[in-house]
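See below for entry_37.txt, which holds compact mmCIF, C-alpha atoms and all ligand atoms.
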# COMPACT_ATOMS: atom_id res chain seq x y z
CA MET A 247 0.00 0.00 0.00
CA LEU A 248 1.40 3.41 -1.05
CA THR A 249 0.67 5.21 2.25
CA ARG A 250 2.59 2.53 4.15
CA ARG A 251 5.61 2.85 1.87
CA ILE A 252 5.64 6.63 2.11
CA HIS A 253 5.31 6.41 5.90
CA TYR A 254 8.22 3.95 6.03
CA TYR A 255 10.64 6.13 4.03
CA SER A 256 9.76 9.43 5.71
CA GLY A 257 10.08 7.54 9.03
CA ILE A 258 13.64 6.50 8.18
CA THR A 259 14.55 10.12 7.32
CA ILE A 260 13.16 11.34 10.66
CA ALA A 261 14.73 8.46 12.62
CA LEU A 262 18.18 9.42 11.29
CA PHE A 263 17.77 12.97 12.60
CA VAL A 264 16.22 11.87 15.91
CA THR A 265 19.09 9.43 16.54
CA LEU A 266 21.56 12.32 16.17
CA HIS A 267 19.29 14.59 18.23
CA LEU A 268 18.96 12.18 21.17
CA THR A 269 22.69 11.41 21.04
CA ASN A 270 23.23 15.15 21.28
CA HIS A 271 21.01 15.28 24.38
CA ALA A 272 22.93 12.35 25.90
CA PHE A 273 26.07 14.53 25.81
CA SER A 274 24.41 16.61 28.55
CA LEU A 275 25.71 13.87 30.89
CA MET A 276 29.15 15.35 30.20
CA GLY A 277 28.04 18.89 31.00
CA ILE A 278 26.19 21.80 29.42
CA GLU A 279 29.21 23.03 27.45
CA LYS A 280 29.74 19.63 25.85
CA HIS A 281 26.05 19.47 24.85
CA ILE A 282 26.25 22.92 23.24
CA GLU A 283 29.55 22.08 21.55
CA VAL A 284 28.06 18.89 20.00
CA MET A 285 24.90 20.77 18.93
CA THR A 286 27.04 23.42 17.25
CA GLN A 287 28.76 20.69 15.22
CA LEU A 288 25.49 18.86 14.39
CA ARG A 289 23.84 22.10 13.29
CA LYS A 290 26.37 22.19 10.44
CA VAL A 291 24.53 19.09 9.15
CA TYR A 292 20.87 19.97 9.76
CA ARG A 293 20.66 23.77 10.16
CA ASN A 294 20.50 24.62 6.49
CA ILE A 295 17.60 25.25 4.16
CA PHE A 296 17.87 21.87 2.37
CA ALA A 297 18.13 19.65 5.43
CA GLU A 298 15.41 21.55 7.30
CA ILE A 299 12.96 21.50 4.39
CA LEU A 300 13.63 17.79 3.95
CA LEU A 301 13.17 17.12 7.67
CA LEU A 302 10.08 19.27 8.17
CA SER A 303 8.46 17.87 5.01
CA ALA A 304 9.20 14.35 6.24
CA VAL A 305 7.56 15.19 9.58
CA CYS A 306 4.41 16.55 7.85
CA ILE A 307 4.24 13.50 5.57
CA GLN A 308 4.77 11.23 8.59
CA ILE A 309 1.94 12.84 10.55
CA PHE A 310 -0.60 12.76 7.68
CA SER A 311 0.24 9.26 6.50
CA GLY A 312 0.38 8.11 10.15
CA ILE A 313 -3.11 9.44 10.88
CA GLN A 314 -4.42 7.68 7.77
CA LEU A 315 -2.81 4.40 8.86
CA TYR A 316 -4.07 4.87 12.41
CA ARG A 317 -7.64 5.30 11.20
CA SER A 318 -7.51 2.27 8.93
CA ARG A 319 -6.02 0.00 11.62
CA PHE A 320 -7.45 1.26 14.87
CA LYS A 321 -10.32 -1.28 14.91
CA ILE A 322 -8.32 -4.27 13.66
CA ALA A 323 -5.09 -3.90 15.66
CA LYS A 324 -4.52 -6.93 17.86
CA GLY A 325 -1.69 -8.00 20.11
CA PHE A 326 0.70 -5.89 22.18
CA TYR A 327 3.03 -4.64 19.43
CA GLU A 328 0.29 -3.75 16.93
CA LYS A 329 -1.42 -1.62 19.57
CA LEU A 330 1.88 -0.16 20.81
CA GLN A 331 2.74 0.89 17.25
CA LEU A 332 -0.55 2.80 16.93
CA TRP A 333 -0.42 4.49 20.35
CA SER A 334 3.27 5.44 20.20
CA GLY A 335 2.75 6.80 16.66
CA LEU A 336 -0.24 8.85 17.76
CA TYR A 337 1.74 10.35 20.65
CA LEU A 338 4.69 11.13 18.36
CA ALA A 339 2.36 12.92 15.91
CA ILE A 340 0.99 15.14 18.71
CA PHE A 341 4.49 15.65 20.14
CA PHE A 342 5.91 16.67 16.74
CA VAL A 343 3.26 19.35 16.26
CA ILE A 344 3.88 20.86 19.73
CA HIS A 345 7.66 20.41 19.78
CA LEU A 346 8.34 21.80 16.32
CA SER A 347 5.93 24.72 16.82
CA ALA A 348 7.74 25.52 20.09
CA VAL A 349 11.19 25.35 18.45
CA MET A 350 10.05 27.58 15.54
CA VAL A 351 8.34 30.13 17.83
CA GLY A 352 11.45 30.15 20.06
CA ARG A 353 13.72 30.70 17.11
CA PHE A 354 11.80 33.11 14.87
CA ILE A 355 9.43 34.96 17.21
CA LEU A 356 11.20 35.01 20.59
CA GLN A 357 14.59 35.24 18.81
CA LEU A 358 16.15 32.71 21.20
CA ASP A 359 19.02 30.37 20.49
CA THR A 360 17.15 27.05 20.72
CA ASN A 361 20.10 25.31 22.35
CA PHE A 362 20.51 23.28 25.57
CA TYR A 363 18.83 25.95 27.71
CA PHE A 364 15.75 26.08 25.47
CA GLY A 365 15.23 22.32 25.90
CA ALA A 366 16.14 22.28 29.58
CA ALA A 367 14.18 25.35 30.78
CA GLY A 368 10.84 23.60 31.25
CA LEU A 369 12.46 20.55 32.88
CA ASN A 370 14.20 22.46 35.64
CA TYR A 371 11.55 24.66 37.18
CA PHE A 372 8.44 23.90 39.19
CA PRO A 373 5.58 23.70 38.14
CA SER A 374 6.55 23.56 34.40
CA ASN A 375 8.53 20.36 35.07
CA LEU A 376 5.27 18.59 36.00
CA PHE A 377 4.34 18.90 32.33
CA PHE A 378 7.75 18.76 30.63
CA ILE A 379 9.23 15.68 32.34
CA PRO A 380 6.38 13.32 31.30
CA TYR A 381 6.02 15.13 27.93
CA TYR A 382 9.66 14.58 26.89
CA SER A 383 10.00 11.19 28.60
CA LEU A 384 6.98 9.82 26.77
CA ALA A 385 8.29 11.20 23.45
CA ILE A 386 11.69 9.52 23.87
CA PHE A 387 10.05 6.26 24.93
CA SER A 388 7.49 6.44 22.08
CA PHE A 389 10.32 6.79 19.55
CA PHE A 390 11.87 3.51 20.75
CA ALA A 391 8.46 1.86 21.23
CA HIS A 392 7.52 2.67 17.63
CA ILE A 393 10.78 1.16 16.34
CA ALA A 394 10.37 -1.92 18.57
CA SER A 395 6.82 -2.43 17.24
CA VAL A 396 7.78 -1.96 13.58
CA HIS A 397 10.61 -4.47 14.08
CA TYR A 398 8.29 -7.00 15.75
CA ASN A 399 5.44 -6.64 13.26
CA LYS A 400 7.76 -6.88 10.24
CA MET A 401 9.93 -9.75 11.45
CA LYS A 402 7.61 -11.93 13.57
CA GLU A 403 7.19 -14.58 10.87
CA ARG A 404 10.86 -14.71 9.91
CA ASN A 405 12.89 -14.26 13.07
CA ARG A 406 12.63 -16.51 16.14
CA ASP A 407 14.35 -13.98 18.40
CA VAL A 408 12.14 -11.06 17.43
CA ARG A 409 10.33 -10.87 20.77
CA LYS A 410 13.64 -10.64 22.67
CA GLN A 411 15.01 -8.04 20.26
CA SER A 412 11.93 -5.83 20.48
CA ARG A 413 11.98 -6.09 24.26
CA LEU A 414 15.63 -5.01 24.21
CA ILE A 415 14.75 -1.94 22.10
CA LEU A 416 12.08 -1.04 24.69
CA ILE A 417 14.62 -1.42 27.52
CA VAL A 418 17.08 0.83 25.66
CA GLY A 419 14.23 3.36 25.39
CA VAL A 420 13.62 3.32 29.15
CA VAL A 421 17.38 3.68 29.83
CA MET A 422 17.55 6.62 27.38
CA VAL A 423 14.64 8.35 29.15
CA PHE A 424 16.49 8.18 32.49
CA MET A 425 19.85 9.17 31.00
CA LEU A 426 18.45 12.22 29.21
CA MET A 427 16.31 13.38 32.12
CA TYR A 428 19.34 12.99 34.40
CA GLY A 429 21.64 14.87 32.01
CA LEU A 430 19.22 17.69 31.19
CA THR A 431 18.52 18.37 34.88
CA ASN A 432 22.12 18.09 36.15
CA GLY A 433 21.41 14.81 37.93
CA PHE A 434 17.96 16.06 39.09
CA ASN A 435 19.69 18.90 41.02
CA GLY A 436 18.32 21.53 38.66
CA ILE A 437 19.93 23.98 36.24
CA ALA A 438 19.72 27.76 36.35
CA THR A 439 18.85 28.97 32.85
CA PRO A 440 20.02 32.38 31.56
CA SER A 441 17.44 35.16 32.08
CA GLU A 442 16.38 35.38 28.40
CA TYR A 443 14.87 31.85 28.65
CA GLY A 444 12.69 32.94 31.60
CA ILE A 445 9.89 33.80 29.17
CA LEU A 446 9.47 30.05 28.48
CA ILE A 447 8.58 29.31 32.10
CA GLY A 448 6.83 32.51 33.09
CA LYS A 449 9.81 33.99 35.05
C1 LIG B 1 14.61 15.31 26.01
C2 LIG B 1 13.83 15.48 24.99
C3 LIG B 1 14.03 16.56 23.95
C4 LIG B 1 14.48 17.86 24.10
C5 LIG B 1 14.91 18.55 25.37
C6 LIG B 1 14.49 18.46 22.77
C7 LIG B 1 14.89 19.75 22.47
C8 LIG B 1 15.03 20.28 21.20
C9 LIG B 1 15.68 21.52 20.86
C10 LIG B 1 16.32 22.46 21.86
C11 LIG B 1 15.62 21.66 19.51
C12 LIG B 1 16.24 22.79 18.67
C13 LIG B 1 17.56 22.28 18.09
C14 LIG B 1 18.40 23.36 17.43
O1 LIG B 1 18.08 24.54 17.52
O2 LIG B 1 19.44 23.02 16.85
C15 LIG B 1 14.89 20.55 18.98
C16 LIG B 1 14.58 20.34 17.65
C17 LIG B 1 13.92 19.25 17.16
N1 LIG B 1 13.54 18.13 17.87
FE1 LIG B 1 13.77 17.85 19.87
N2 LIG B 1 14.04 17.54 21.86
C18 LIG B 1 13.74 16.37 22.55
C19 LIG B 1 13.25 15.19 22.04
C20 LIG B 1 12.86 15.02 20.74
C21 LIG B 1 12.25 13.82 20.22
C22 LIG B 1 11.95 12.55 21.04
C23 LIG B 1 12.01 14.05 18.90
C24 LIG B 1 11.35 13.15 17.89
C25 LIG B 1 10.88 11.96 18.11
C26 LIG B 1 12.48 15.40 18.58
C27 LIG B 1 12.42 15.99 17.34
C28 LIG B 1 12.95 17.23 17.02
C29 LIG B 1 12.93 17.80 15.68
C30 LIG B 1 12.34 17.12 14.42
C31 LIG B 1 13.54 19.08 15.77
C32 LIG B 1 13.69 20.12 14.64
C33 LIG B 1 15.06 20.22 14.06
C34 LIG B 1 15.18 21.45 13.16
O3 LIG B 1 14.64 21.46 12.06
O4 LIG B 1 15.81 22.41 13.59
N3 LIG B 1 12.99 15.95 19.73
N4 LIG B 1 14.56 19.70 20.03
Here is the file; what I need is its structure written in the form of structure tokens.
Ligand code: HEM
Amino acid sequence: MLTRRIHYYSGITIALFVTLHLTNHAFSLMGIEKHIEVMTQLRKVYRNIFAEILLLSAVCIQIFSGIQLYRSRFKIAKGFYEKLQLWSGLYLAIFFVIHLSAVMVGRFILQLDTNFYFGAAGLNYFPSNLFFIPYYSLAIFSFFAHIASVHYNKMKERNRDVRKQSRLILIVGVVMVFMLMYGLTNGFNGIATPSEYGILIGK
């Protein structure tokens, strides 16, 4: 089916970026400066008109094709991984709309550098962290959950170890959630963000 094929290829494009993006966030475990240094290098790859148009178009295609697939499968999905694929995909679609709108508003309207502090602001202050910790954690986990489900649903007839492999992908997802939340909050001790980012958290 054409929609499925399109969804698969735009998904691979997005997954390549997200892998780099989450690796970038994992560098926060080595300190804020390291995170910013890695982002500065990675921006040479994705912060240009071609890469951004490709990425943002892939995200739009992914959301529209995903919603179509969701609607056609919602009633017939059976088993853990078929349902997990639908629910994680639905969350990612909602997350993409909010996350990308926030990044674009931050960049073009608030004129902020959308670097480490932009991502970390909401995670480090009460009460905004009550929203941002589950919001980002669920997004990171959904990314891995979606990959684990695609792997399971594609390979279940051909690969005897598929259940173990998909479970491992889910475990990596949970570990990533803890690593990134730990790194982006300075080991849950909190990070003071520069005053210009105060607007993001009502300070
Ligand atoms: C801990 C969780 C996350 C934080 C704190 C975060 C933060 C950020 C920040 C600060 C940017 C701007 C980057 C820049 O200016 O160079 C950004 C961009 C972006 N993020 Fe995230 N992100 C997180 C998780 C995710 C996840 C899970 C996804 C997708 C599944 C995602 C997808 C994207 C995309 C597509 C962009 C746009 C890149 C561009 O065109 O500039 N992010 N994020």
Could the residues that lie within 6 Å of ligand LIG 1 (chain B), counting all atoms listed in the file, be listed as a ChimeraX atom specification?
/A:264,289,298,346,349,360-362,364-366,382,385-386,389,426
Could you name the residues that touch Ser318 in chain A at 12 Å or less, counting all atoms listed in the file, but leaving out those on the same chain fewer than 4 positions away, as a PyMOL selection string?
chain A and resi 247+249-250+311-314+322-323+332
Neighbouring residues of range 418-424 of chain A were defined as those with any atom within 7 Å, considering only C-alpha atoms; residues of the same chain fewer than 4 positions away were excluded. Please report them as a list in words.
Ser383, Ile386, Phe387, Phe390, Leu414 and Tyr428 of chain A
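CA of Leu369 in chain A is found 25.9 Å from CA of Ile309 in chain A.
Nearest to Gly257 in chain A of all the residues A:Ala367, A:Ile393, A:Trp333, A:Tyr381 is A:Ile393, based on all atoms listed in the file.
In this structure, CA of Phe263 in chain A sits 27.8 Å away from CA of Ile445 in chain A.
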Is there a way to get, as a CSV table (one decimal) with C-alpha atoms, in the coordinates of the input, all residues within 10 Å of the point (18.2, 23.3, 38.1) in file coordinates, counting all atoms listed in the file?
chain,number,residue,atom,x,y,z
A,366,ALA,CA,16.1,22.3,29.6
A,367,ALA,CA,14.2,25.4,30.8
A,369,LEU,CA,12.5,20.6,32.9
A,370,ASN,CA,14.2,22.5,35.6
A,371,TYR,CA,11.6,24.7,37.2
A,372,PHE,CA,8.4,23.9,39.2
A,430,LEU,CA,19.2,17.7,31.2
A,431,THR,CA,18.5,18.4,34.9
A,432,ASN,CA,22.1,18.1,36.2
A,433,GLY,CA,21.4,14.8,37.9
A,434,PHE,CA,18.0,16.1,39.1
A,435,ASN,CA,19.7,18.9,41.0
A,436,GLY,CA,18.3,21.5,38.7
A,437,ILE,CA,19.9,24.0,36.2
A,438,ALA,CA,19.7,27.8,36.4
A,439,THR,CA,18.8,29.0,32.8
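The two atoms in question, CA of Met427 in chain A and CA of Ile379 in chain A, are spaced 7.4 Å apart.
Taking only C-alpha atoms, the non-local environment of Gly325 in chain A within 12 Å (same-chain residues fewer than 5 positions away omitted) comprises A:Leu330, A:Gln331, A:Leu332, A:Ser395, A:Tyr398, A:Asn399.
Every protein, DNA or RNA residue with an atom at most 8 Å from His271 in chain A, where only C-alpha atoms count and chain neighbours fewer than 3 positions away do not, is listed here: A:His267, A:Leu268, A:Ser274, A:His281, A:Leu426, A:Gly429, A:Leu430.
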So, with all atoms listed in the file as the atoms that count, which of A:Leu248, A:Leu275, A:Asn375, A:Thr259 lies closest to Leu315 in chain A?
A:Leu248
